[in-house]
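Enquirer: Sharing model_34.txt, compact mmCIF, C-alpha atoms and all ligand atoms:
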```
# COMPACT_ATOMS: atom_id res chain seq x y z
CA MET G 1 -30.56 10.74 -8.49
CA GLY G 2 -31.07 7.52 -6.58
CA GLN G 3 -31.54 7.06 -2.87
CA ILE G 4 -27.82 7.39 -2.26
CA GLU G 5 -26.67 10.77 -3.51
CA GLN G 6 -23.40 11.18 -5.39
CA LYS G 7 -20.79 11.84 -2.76
CA SER G 8 -17.26 10.72 -2.52
CA ASP G 9 -17.66 8.15 0.24
CA PHE G 10 -20.07 5.32 0.95
CA ASP G 11 -20.94 4.42 4.52
CA TYR G 12 -24.17 2.44 4.55
CA LEU G 13 -24.27 1.61 8.26
CA ASN G 14 -22.63 4.79 9.53
CA VAL G 15 -19.51 2.88 10.48
CA PHE G 16 -17.57 6.15 10.50
CA ALA G 17 -20.22 8.21 12.29
CA GLU G 18 -18.41 8.27 15.59
CA LEU G 19 -14.98 9.47 14.58
CA THR G 20 -13.31 11.92 16.92
CA GLU G 21 -13.15 15.52 15.79
CA ALA G 22 -9.44 15.12 15.01
CA GLN G 23 -10.03 11.96 12.96
CA GLU G 24 -12.85 13.62 11.01
CA ASN G 25 -10.58 16.59 10.43
CA TRP G 26 -7.82 14.40 8.96
CA ARG G 27 -10.36 12.67 6.76
CA GLN G 28 -11.59 15.99 5.44
CA VAL G 29 -8.09 17.37 4.82
CA ALA G 30 -7.10 14.25 2.90
CA ASN G 31 -10.37 14.26 0.97
CA SER G 32 -10.00 17.89 -0.11
CA VAL G 33 -6.31 17.51 -1.08
CA VAL G 34 -7.14 14.44 -3.14
CA SER G 35 -10.16 16.10 -4.79
CA LYS G 36 -8.19 19.22 -5.65
CA TYR G 37 -4.80 17.87 -6.71
CA LEU G 38 -4.99 14.14 -7.49
CA GLN G 39 -8.45 13.25 -8.75
CA PRO G 40 -8.67 15.64 -11.74
CA GLY G 41 -5.68 14.14 -13.58
CA VAL G 42 -5.87 10.54 -12.39
CA SER G 43 -7.08 8.85 -15.59
CA GLU G 44 -4.54 10.75 -17.69
CA ALA G 45 -1.72 9.88 -15.26
CA PHE G 46 -2.71 6.20 -15.40
CA ASP G 47 -2.89 6.26 -19.19
CA LYS G 48 0.53 7.90 -19.50
CA ASN G 49 2.17 5.86 -16.71
CA HIS G 50 3.04 9.16 -15.11
CA PHE G 51 3.75 9.93 -11.46
CA ASP G 52 3.74 13.70 -11.00
CA ARG G 53 6.75 14.57 -8.88
CA ASP G 54 4.97 17.52 -7.29
CA ILE G 55 2.60 15.14 -5.53
CA PRO G 56 4.92 14.12 -2.67
CA GLN G 57 5.38 17.75 -1.68
CA ILE G 58 1.67 18.47 -1.98
CA LEU G 59 0.93 15.57 0.38
CA GLY G 60 3.83 16.56 2.63
CA SER G 61 2.75 20.18 2.89
CA HIS G 62 -0.62 19.02 4.22
CA SER G 63 1.08 16.64 6.70
CA LEU G 64 -0.42 13.63 4.95
CA ILE G 65 2.83 11.62 4.98
CA GLY G 66 3.61 10.09 8.31
CA PRO G 67 4.63 12.58 10.94
CA HIS G 68 1.32 13.72 12.37
CA VAL G 69 0.60 10.11 13.21
CA TRP G 70 3.96 8.88 14.47
CA THR G 71 4.89 8.88 18.13
CA ASP G 72 8.52 8.92 19.21
CA SER G 73 8.56 5.13 19.41
CA GLY G 74 7.54 4.94 15.78
CA ASP G 75 4.01 3.72 16.50
CA LEU G 76 0.97 5.32 14.93
CA ALA G 77 -0.45 7.92 17.33
CA ASP G 78 -3.92 7.55 15.87
CA PRO G 79 -4.22 4.45 13.68
CA ILE G 80 -7.79 5.29 12.70
CA ALA G 81 -6.81 8.77 11.46
CA SER G 82 -3.96 7.24 9.53
CA GLY G 83 -6.30 4.64 8.02
CA LEU G 84 -8.77 7.33 6.99
CA ILE G 85 -6.00 9.15 5.10
CA MET G 86 -5.10 5.95 3.25
CA ARG G 87 -8.78 5.44 2.40
CA GLU G 88 -8.94 8.90 0.80
CA LEU G 89 -5.74 8.40 -1.21
CA GLU G 90 -6.82 5.04 -2.56
CA ARG G 91 -10.29 6.35 -3.35
CA CYS G 92 -8.41 8.17 -6.08
CA ASP G 93 -5.87 5.50 -7.07
CA SER G 94 -3.96 2.67 -5.37
CA SER G 95 -0.70 4.14 -6.72
CA TYR G 96 -1.06 7.25 -4.56
CA ARG G 97 -1.77 5.18 -1.46
CA SER G 98 1.19 2.96 -2.40
CA PHE G 99 3.44 6.00 -2.57
CA ALA G 100 2.32 7.09 0.90
CA SER G 101 2.57 3.54 2.29
CA VAL G 102 6.15 3.14 1.10
CA GLN G 103 7.24 6.59 2.16
CA GLY G 104 5.54 6.45 5.57
CA SER G 105 5.41 2.82 6.68
CA LEU G 106 8.36 1.32 4.84
CA VAL G 107 10.90 4.15 4.94
CA MET G 108 10.04 6.68 7.67
CA TYR G 109 8.85 3.99 10.09
CA PRO G 110 12.09 1.91 10.01
CA ILE G 111 14.19 5.08 10.29
CA LYS G 112 12.13 6.24 13.24
CA LYS G 113 12.01 2.83 14.94
CA TYR G 114 15.35 1.27 14.00
CA GLY G 115 17.53 4.19 12.87
CA SER G 116 20.28 6.16 14.60
CA ASP G 117 19.76 9.76 15.77
CA SER G 118 21.80 11.09 12.86
CA GLN G 119 19.76 9.05 10.34
CA LYS G 120 16.56 10.41 11.87
CA GLU G 121 17.85 13.97 11.77
CA LYS G 122 19.13 13.70 8.24
CA TRP G 123 16.15 12.03 6.57
CA LEU G 124 12.89 12.28 8.51
CA PRO G 125 12.06 16.00 8.03
CA ASN G 126 12.57 15.91 4.25
CA LEU G 127 10.74 12.59 3.85
CA ALA G 128 7.80 13.96 5.85
CA ALA G 129 7.74 17.07 3.67
CA GLY G 130 7.89 15.02 0.48
CA LYS G 131 11.14 16.76 -0.47
CA SER G 132 13.02 13.47 -0.33
CA ILE G 133 11.56 10.25 -1.64
CA GLY G 134 12.15 6.79 -0.22
CA GLY G 135 11.94 3.19 -1.42
CA PHE G 136 11.93 -0.23 0.28
CA ALA G 137 13.83 -3.09 -1.33
CA LEU G 138 13.04 -6.53 0.03
CA THR G 139 11.69 -8.56 -2.92
CA GLU G 140 14.19 -10.29 -5.18
CA PRO G 141 13.71 -11.69 -8.70
CA GLN G 142 13.67 -15.34 -7.53
CA GLY G 143 10.51 -14.88 -5.40
CA GLY G 144 9.02 -12.36 -3.01
CA SER G 145 7.04 -14.74 -0.80
CA ASP G 146 10.17 -16.40 0.53
CA PRO G 147 12.47 -13.65 1.84
CA SER G 148 14.44 -16.26 3.80
CA ASN G 149 15.99 -17.19 0.43
CA MET G 150 17.54 -13.72 0.18
CA GLN G 151 20.54 -13.59 -2.17
CA THR G 152 21.55 -9.95 -1.73
CA VAL G 153 24.61 -9.93 0.50
CA LEU G 154 26.42 -7.50 2.72
CA THR G 155 30.05 -8.48 3.20
CA LYS G 156 32.95 -6.95 5.08
CA SER G 157 35.95 -5.78 3.05
CA GLU G 158 39.05 -3.73 3.86
CA GLU G 159 37.41 -0.55 2.53
CA GLY G 160 34.14 -1.12 4.39
CA LEU G 161 30.89 -3.02 3.85
CA ARG G 162 30.00 -4.12 0.30
CA LEU G 163 26.47 -4.66 -0.97
CA ARG G 164 25.90 -7.04 -3.86
CA GLY G 165 22.66 -8.39 -5.38
CA LYS G 166 19.43 -7.60 -7.17
CA LYS G 167 16.08 -6.35 -5.92
CA ARG G 168 12.90 -6.22 -7.94
CA TRP G 169 9.61 -4.37 -7.79
CA VAL G 170 10.92 -1.49 -5.69
CA THR G 171 8.14 1.13 -5.61
CA ASN G 172 9.40 4.73 -6.00
CA GLY G 173 12.83 3.37 -7.06
CA PRO G 174 13.37 5.60 -10.12
CA ILE G 175 12.56 8.75 -8.13
CA ALA G 176 14.02 7.74 -4.77
CA ASP G 177 16.70 9.64 -2.89
CA VAL G 178 17.15 6.88 -0.34
CA ILE G 179 16.27 3.20 -0.16
CA VAL G 180 15.88 0.85 2.78
CA VAL G 181 17.61 -2.27 1.46
CA TRP G 182 17.46 -5.66 3.17
CA ALA G 183 20.50 -7.88 2.74
CA ARG G 184 22.09 -10.99 4.22
CA GLY G 185 25.01 -9.94 6.41
CA GLU G 186 27.45 -12.07 8.35
CA ASP G 187 25.24 -11.86 11.44
CA GLY G 188 21.90 -12.34 9.66
CA ILE G 189 19.50 -10.11 7.75
CA GLN G 190 20.32 -6.41 8.03
CA GLY G 191 18.47 -3.29 6.85
CA VAL G 192 20.60 -0.50 5.40
CA LEU G 193 19.67 3.05 4.53
CA LEU G 194 21.26 3.73 1.20
CA PRO G 195 21.30 7.08 -0.64
CA THR G 196 20.70 6.34 -4.33
CA ASP G 197 23.63 8.46 -5.53
CA ARG G 198 26.22 5.92 -4.33
CA PRO G 199 28.42 4.47 -7.09
CA GLY G 200 27.42 0.94 -8.14
CA ILE G 201 23.63 1.32 -7.89
CA LYS G 202 21.74 0.74 -11.13
CA ILE G 203 18.00 1.51 -11.06
CA ARG G 204 15.88 0.43 -14.02
CA LYS G 205 12.21 1.39 -14.28
CA ILE G 206 9.84 -1.53 -14.91
CA ASP G 207 7.68 -0.65 -17.91
CA ARG G 208 4.65 -2.31 -19.52
CA LYS G 209 2.71 -2.76 -16.28
CA LEU G 210 -1.07 -3.15 -16.61
CA SER G 211 -1.67 -2.29 -12.97
CA LEU G 212 -0.58 0.49 -10.61
CA CYS G 213 0.45 2.38 -13.75
CA ILE G 214 0.92 5.69 -11.93
CA SER G 215 3.40 4.12 -9.56
CA GLU G 216 7.13 4.04 -10.37
CA SER G 217 8.31 0.42 -10.03
CA SER G 218 11.90 -0.62 -10.50
CA GLU G 219 14.56 -3.27 -10.54
CA ILE G 220 17.74 -2.36 -8.69
CA GLU G 221 21.18 -3.88 -9.01
CA PHE G 222 23.81 -3.36 -6.33
CA ASP G 223 27.19 -3.94 -7.88
CA ASP G 224 29.64 -4.01 -4.97
CA VAL G 225 28.27 -0.80 -3.50
CA LEU G 226 30.60 0.50 -0.79
CA LEU G 227 28.92 1.28 2.53
CA GLU G 228 30.00 2.41 5.94
CA ASP G 229 28.79 1.00 9.24
CA VAL G 230 26.75 4.18 9.76
CA ASP G 231 24.64 3.28 6.70
CA CYS G 232 23.15 0.32 8.59
CA LEU G 233 19.90 0.87 10.46
CA PRO G 234 21.20 -0.23 13.88
CA GLY G 235 17.98 -1.85 15.10
CA ALA G 236 17.00 -3.41 11.77
CA ASN G 237 18.91 -6.61 12.34
CA SER G 238 16.55 -9.46 11.44
CA ILE G 239 13.94 -10.46 8.90
CA GLY G 240 11.38 -9.91 11.66
CA LYS G 241 12.17 -6.18 11.54
CA ALA G 242 11.44 -6.11 7.80
CA LEU G 243 8.14 -7.90 8.47
CA ASP G 244 7.37 -5.39 11.23
CA CYS G 245 7.60 -2.58 8.63
CA LEU G 246 5.43 -4.56 6.21
CA ASN G 247 2.80 -5.00 8.89
CA GLN G 248 2.56 -1.22 9.25
CA ALA G 249 2.01 -0.87 5.51
CA ARG G 250 -0.46 -3.77 5.41
CA TYR G 251 -2.53 -2.06 8.07
CA GLY G 252 -2.78 0.97 5.77
CA ILE G 253 -3.87 -1.27 2.88
CA ILE G 254 -6.77 -2.63 4.95
CA TRP G 255 -8.12 0.93 4.99
CA GLY G 256 -6.91 2.09 1.60
CA VAL G 257 -8.82 -0.51 -0.40
CA LEU G 258 -12.07 0.63 1.22
CA GLY G 259 -11.63 3.89 -0.70
CA ALA G 260 -11.14 2.04 -4.01
CA ALA G 261 -14.22 -0.12 -3.42
CA GLU G 262 -16.33 2.87 -2.35
CA SER G 263 -15.29 4.79 -5.46
CA CYS G 264 -16.43 1.88 -7.68
CA LEU G 265 -19.75 1.46 -5.91
CA VAL G 266 -20.64 5.17 -5.91
CA GLU G 267 -19.76 5.42 -9.61
CA THR G 268 -21.88 2.36 -10.41
CA LEU G 269 -24.89 3.44 -8.37
CA ASN G 270 -25.00 6.72 -10.24
CA TYR G 271 -24.57 5.01 -13.59
CA CYS G 272 -27.42 2.60 -12.86
CA ASP G 273 -29.65 5.48 -11.94
CA GLU G 274 -29.08 7.22 -15.26
CA ARG G 275 -28.91 4.35 -17.74
CA LYS G 276 -32.16 3.03 -19.20
CA LEU G 277 -32.56 -0.41 -20.75
CA PHE G 278 -35.81 -2.13 -21.71
CA LYS G 279 -37.54 1.17 -20.90
CA LYS G 280 -36.49 1.24 -17.29
CA LYS G 281 -33.56 2.29 -15.17
CA LEU G 282 -30.75 -0.21 -14.81
CA SER G 283 -31.11 0.31 -11.07
CA GLY G 284 -34.63 -1.14 -11.27
CA PHE G 285 -33.62 -4.66 -12.31
CA GLN G 286 -33.60 -7.33 -9.63
CA LEU G 287 -30.33 -8.91 -10.71
CA VAL G 288 -28.59 -5.53 -10.70
CA GLN G 289 -29.97 -4.77 -7.25
CA ALA G 290 -28.79 -8.17 -6.01
CA LYS G 291 -25.26 -7.35 -7.19
CA LEU G 292 -25.37 -3.87 -5.66
CA SER G 293 -26.72 -5.26 -2.42
CA ASP G 294 -23.94 -7.88 -2.26
CA CYS G 295 -21.32 -5.17 -2.86
CA CYS G 296 -22.87 -3.01 -0.16
CA LEU G 297 -22.77 -5.88 2.34
CA LYS G 298 -19.16 -6.85 1.55
CA LEU G 299 -17.99 -3.27 1.68
CA THR G 300 -19.75 -2.65 4.99
CA GLN G 301 -18.15 -5.81 6.42
CA GLY G 302 -14.77 -4.49 5.22
CA GLN G 303 -15.38 -1.13 6.86
CA LEU G 304 -16.29 -2.81 10.16
CA LEU G 305 -13.17 -4.99 9.92
CA ALA G 306 -10.97 -1.93 9.35
CA MET G 307 -12.58 -0.05 12.25
CA GLN G 308 -12.15 -2.99 14.61
CA LEU G 309 -8.50 -3.43 13.60
CA GLY G 310 -8.06 0.32 14.05
CA ARG G 311 -9.47 0.03 17.57
CA LEU G 312 -7.19 -2.90 18.36
CA LYS G 313 -4.16 -1.06 17.01
CA SER G 314 -5.11 1.97 19.11
CA SER G 315 -5.38 -0.17 22.25
CA LYS G 316 -2.57 -0.90 24.65
CA ALA G 317 -2.32 -4.50 23.48
CA GLY G 318 -1.87 -3.40 19.87
CA ILE G 319 -2.41 -5.62 16.87
CA ALA G 320 -0.82 -9.00 16.11
CA PRO G 321 0.55 -9.95 12.67
CA HIS G 322 -2.15 -12.58 12.07
CA GLU G 323 -4.79 -9.93 12.80
CA VAL G 324 -3.24 -7.68 10.17
CA SER G 325 -3.19 -10.66 7.81
CA ILE G 326 -6.88 -11.41 8.15
CA GLY G 327 -7.63 -7.76 7.45
CA LYS G 328 -5.32 -7.51 4.44
CA GLN G 329 -6.52 -10.66 2.76
CA GLY G 330 -10.17 -10.02 3.60
CA ASN G 331 -10.40 -6.40 2.54
CA VAL G 332 -8.31 -6.65 -0.64
CA HIS G 333 -10.36 -9.64 -1.77
CA MET G 334 -13.55 -7.74 -0.95
CA ALA G 335 -12.41 -4.64 -2.88
CA LEU G 336 -11.44 -6.72 -5.92
CA GLU G 337 -14.83 -8.42 -5.96
CA VAL G 338 -16.65 -5.11 -5.63
CA ALA G 339 -14.54 -3.54 -8.41
CA ARG G 340 -15.12 -6.52 -10.75
CA THR G 341 -18.88 -6.48 -10.11
CA CYS G 342 -19.07 -2.73 -10.70
CA ARG G 343 -17.09 -3.09 -13.92
CA ASP G 344 -19.62 -5.71 -15.03
CA ILE G 345 -22.61 -3.47 -14.26
CA LEU G 346 -21.03 -0.59 -16.20
CA GLY G 347 -21.08 -2.80 -19.30
CA ALA G 348 -18.80 -1.85 -22.18
CA ASN G 349 -18.34 1.63 -20.76
CA GLY G 350 -16.76 -0.07 -17.78
CA VAL G 351 -13.65 -0.95 -19.79
CA LEU G 352 -12.97 2.74 -20.49
CA LEU G 353 -10.55 4.89 -18.56
CA ASP G 354 -13.32 7.51 -18.46
CA PHE G 355 -14.78 5.40 -15.66
CA HIS G 356 -12.85 4.46 -12.55
CA SER G 357 -13.94 0.92 -11.71
CA MET G 358 -11.71 -1.02 -14.08
CA ARG G 359 -8.68 1.11 -13.19
CA HIS G 360 -9.32 0.30 -9.53
CA MET G 361 -9.86 -3.35 -10.44
CA VAL G 362 -6.52 -3.75 -12.24
CA ASN G 363 -4.74 -1.82 -9.50
CA LEU G 364 -6.21 -4.13 -6.89
CA GLU G 365 -4.66 -7.11 -8.69
CA THR G 366 -1.28 -5.75 -7.57
CA VAL G 367 -2.55 -5.02 -4.07
CA PHE G 368 -3.77 -8.65 -3.94
CA THR G 369 -0.18 -9.79 -4.62
CA TYR G 370 2.09 -7.28 -2.90
CA GLU G 371 2.73 -6.74 0.79
CA GLY G 372 2.34 -10.50 1.18
CA ALA G 373 0.36 -12.32 -1.49
CA HIS G 374 -3.25 -13.19 -0.63
CA ASP G 375 -2.53 -16.86 0.05
CA ILE G 376 0.46 -16.04 2.23
CA HIS G 377 -1.89 -14.14 4.54
CA ARG G 378 -4.30 -17.08 4.55
CA LEU G 379 -1.39 -19.29 5.59
CA ILE G 380 -0.45 -16.88 8.38
CA VAL G 381 -4.01 -17.02 9.71
CA GLY G 382 -4.09 -20.80 9.20
CA LEU G 383 -0.87 -21.18 11.19
CA ASN G 384 -2.28 -19.04 13.99
CA MET G 385 -5.54 -21.01 14.08
CA THR G 386 -4.08 -24.50 13.93
CA GLY G 387 -0.48 -24.24 15.08
CA GLU G 388 0.50 -26.06 11.87
CA ASN G 389 2.97 -24.37 9.52
CA ALA G 390 1.80 -24.97 5.95
CA PHE G 391 4.33 -22.68 4.21
CA ALA G 392 6.90 -25.29 3.37
CA ASN G 393 7.62 -29.01 3.76
C1 LIG D 1 3.51 -2.98 -8.57
C2 LIG D 1 4.26 -3.69 -7.48
C3 LIG D 1 4.92 -2.96 -6.50
C4 LIG D 1 5.69 -3.61 -5.54
N1 LIG D 1 6.41 -2.86 -4.63
C5 LIG D 1 7.34 -3.48 -3.85
C6 LIG D 1 8.25 -2.70 -3.04
O1 LIG D 1 8.19 -1.47 -2.99
N2 LIG D 1 9.23 -3.36 -2.34
C7 LIG D 1 9.34 -4.73 -2.36
O2 LIG D 1 10.24 -5.25 -1.72
N3 LIG D 1 8.47 -5.49 -3.10
C8 LIG D 1 7.49 -4.90 -3.84
N4 LIG D 1 6.63 -5.65 -4.61
C9 LIG D 1 6.81 -7.10 -4.66
C10 LIG D 1 5.74 -7.89 -3.92
O3 LIG D 1 5.85 -7.70 -2.55
C11 LIG D 1 5.88 -9.37 -4.36
O4 LIG D 1 5.40 -9.41 -5.69
C12 LIG D 1 5.12 -10.32 -3.47
O5 LIG D 1 5.76 -10.48 -2.23
C13 LIG D 1 4.97 -11.72 -4.12
O6 LIG D 1 6.20 -12.17 -4.57
P1 LIG D 1 6.34 -12.71 -6.08
O7 LIG D 1 5.71 -11.74 -7.00
O8 LIG D 1 7.77 -13.02 -6.30
O9 LIG D 1 5.45 -14.02 -6.12
P2 LIG D 1 5.90 -15.48 -5.63
O10 LIG D 1 6.51 -15.36 -4.28
O11 LIG D 1 6.64 -16.12 -6.72
O12 LIG D 1 4.46 -16.19 -5.46
C14 LIG D 1 3.72 -16.64 -6.61
C15 LIG D 1 2.44 -17.34 -6.15
O13 LIG D 1 2.76 -18.43 -5.32
C16 LIG D 1 1.99 -18.35 -4.12
N5 LIG D 1 2.79 -18.90 -3.02
C17 LIG D 1 4.02 -18.50 -2.62
N6 LIG D 1 4.44 -19.25 -1.57
C18 LIG D 1 3.44 -20.11 -1.29
C19 LIG D 1 3.26 -21.14 -0.31
N7 LIG D 1 4.18 -21.38 0.64
N8 LIG D 1 2.12 -21.84 -0.34
C20 LIG D 1 1.16 -21.60 -1.26
N9 LIG D 1 1.26 -20.64 -2.21
C21 LIG D 1 2.39 -19.90 -2.22
C22 LIG D 1 1.69 -16.89 -3.92
O14 LIG D 1 0.53 -16.70 -3.15
C23 LIG D 1 1.50 -16.42 -5.36
O15 LIG D 1 0.17 -16.68 -5.75
C24 LIG D 1 5.77 -5.03 -5.53
C25 LIG D 1 5.04 -5.77 -6.48
C26 LIG D 1 4.29 -5.12 -7.44
C27 LIG D 1 3.55 -5.92 -8.48
```
If you convert what's in this file into structure tokens, what do you get?
Expert:
Amino acid sequence: MGQIEQKSDFDYLNVFAELTEAQENWRQVANSVVSKYLQPGVSEAFDKNHFDRDIPQILGSHSLIGPHVWTDSGDLADPIASGLIMRELERCDSSYRSFASVQGSLVMYPIKKYGSDSQKEKWLPNLAAGKSIGGFALTEPQGGSDPSNMQTVLTKSEEGLRLRGKKRWVTNGPIADVIVVWARGEDGIQGVLLPTDRPGIKIRKIDRKLSLCISESSEIEFDDVLLEDVDCLPGANSIGKALDCLNQARYGIIWGVLGAAESCLVETLNYCDERKLFKKKLSGFQLVQAKLSDCCLKLTQGQLLAMQLGRLKSSKAGIAPHEVSIGKQGNVHMALEVARTCRDILGANGVLLDFHSMRHMVNLETVFTYEGAHDIHRLIVGLNMTGENAFAN
């Protein structure tokens, strides 16, 4: 064994040493649920592109989806506790954190914040328990970075509202009971809460992914789906409301990717300690130590960033979108670099599913792109810093 013993987390500068008792408790619950139920079968699930449908209820029965952290207004009661849960889920695989992000931040959050009382009553308890599954459909085939070019439409007809269009990359789609769909209505962008058993909805699973293989991704066609006014989320009446939901999920990503990076680094440290080349341990070579040291520094910076954003989000002033953006782009980039470096140090073994680093690395390629692509977040920060909008002409 090296100086840093095999344990599931990595906290070089004791960034998480001063958690409250409640936060530490949530971290431990999430860690033990993940270790018991998710971690043992993760490589197999990735290899078989399989999302075990018992998992939502396992997470729900331990209160790891949403409710323990939501206040009545829909805000996170303890953003740091919530972040710690995401970190544990993604330590295992980004797909499990993605499931929880979609279910909690992109489905339960808009229902809680923008839904009617009857929508809350009908859906929130089962979503929290993992008995119902939700999806969030914003991205369309013509380009996710520009939601203002939305082609999915909500029109009024004599029978009621009609939904027509195509969404792509909807996580959880093939297993969802309900989907938050964003469409262009006569008065602007509107979010609707659509049960998936309505006639006219065609959900097709997206196969052949090389990333986030455990996650169920889908394309969804809405072929004149008939809706009633009560299917609309009353408060979800602008693109800003969709972005508000995304910002909740992005906050979770800032924490989640720490778990992925920590998993890679712990795996690699232990490997280096055991592997011998040129008659000495891999951990004894200067170049290897330089790489490990760089990973340690980047990861620690990412942990500090997450903690500071957690503190800001817990404060009265809250957290601004550009602050979420700097965290999302910074920490996902950091985690990708750590995962790639660890994969390199593991040598040929690093390309095997028996090790975790390359699985994390390919998953993080998706995380780099979704929830606002990396460069979109740089542009958001750039706009905030300069006042100049560089998105379009
Ligand atoms: C596995 C997976 C799961 C997903 N889950 C969901 C989900 O549940 N719900 C959902 O709605 N979406 C989901 N997405 C979609 C995701 O949010 C989009 O992929 C993302 O928004 C980027 O859109 P795009 O892929 O169409 O890329 P594009 O928008 O086509 O962007 C392509 C490239 O152009 C760059 N670019 C774009 N605009 C600019 C600009 N103005 N200036 C400079 N560069 C620019 C981008 O940074 C990117 O590098 C998922 C995606 C994946 C891969």
Enquirer: Given the choices G:Leu59, G:Leu64, G:Leu106, G:Leu336, which gets closest to ligand LIG 1 (chain D) if the distance is worked out from all atoms listed in the file?
Expert: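 That would be G:Leu106, the residue with the smallest distance to ligand LIG 1 (chain D).
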Enquirer: Between atom O1 of ligand LIG 1 (chain D) and atom CA of Tyr370 of chain G, what is the spacing in Å?
Expert: 8.4 Å
Enquirer: Report as a ChimeraX atom specification which protein, DNA and RNA residues come within 8 Å of ligand LIG 1 (chain D), using all atoms listed in the file.
Expert: /G:102,135-146,167-173,209,211-212,215,217,366-367,369-376,379,390-392
Enquirer: Find the residue from G:Cys92, G:Ile345, G:Leu84, G:Leu297 that sits nearest to Leu282 of chain G; use all atoms listed in the file when measuring.
Expert: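 So, comparing all the options, the nearest one is G:Ile345.
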Enquirer: Which residue out of G:Leu352, G:Leu193, G:Leu312, G:Met385 has the minimum interatomic distance to Ser116 of chain G when all atoms listed in the file are used?
Expert: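 Ranking G:Leu352, G:Leu193, G:Leu312, G:Met385 by distance to Ser116 of chain G, first place goes to G:Leu193.
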Enquirer: If we count only C-alpha atoms, what is near Lys202 of chain G at a cut-off of 8 Å, once residues fewer than 5 positions away on the same chain are taken out, given as number ranges by chain?
Expert: G: 220-223
Enquirer: Distance atom CA of Phe99 of chain G-atom CA of Cys296 of chain G, one decimal place?
Expert: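 If I compute the distance from atom CA of Phe99 of chain G to atom CA of Cys296 of chain G, I get 27.9 Å.
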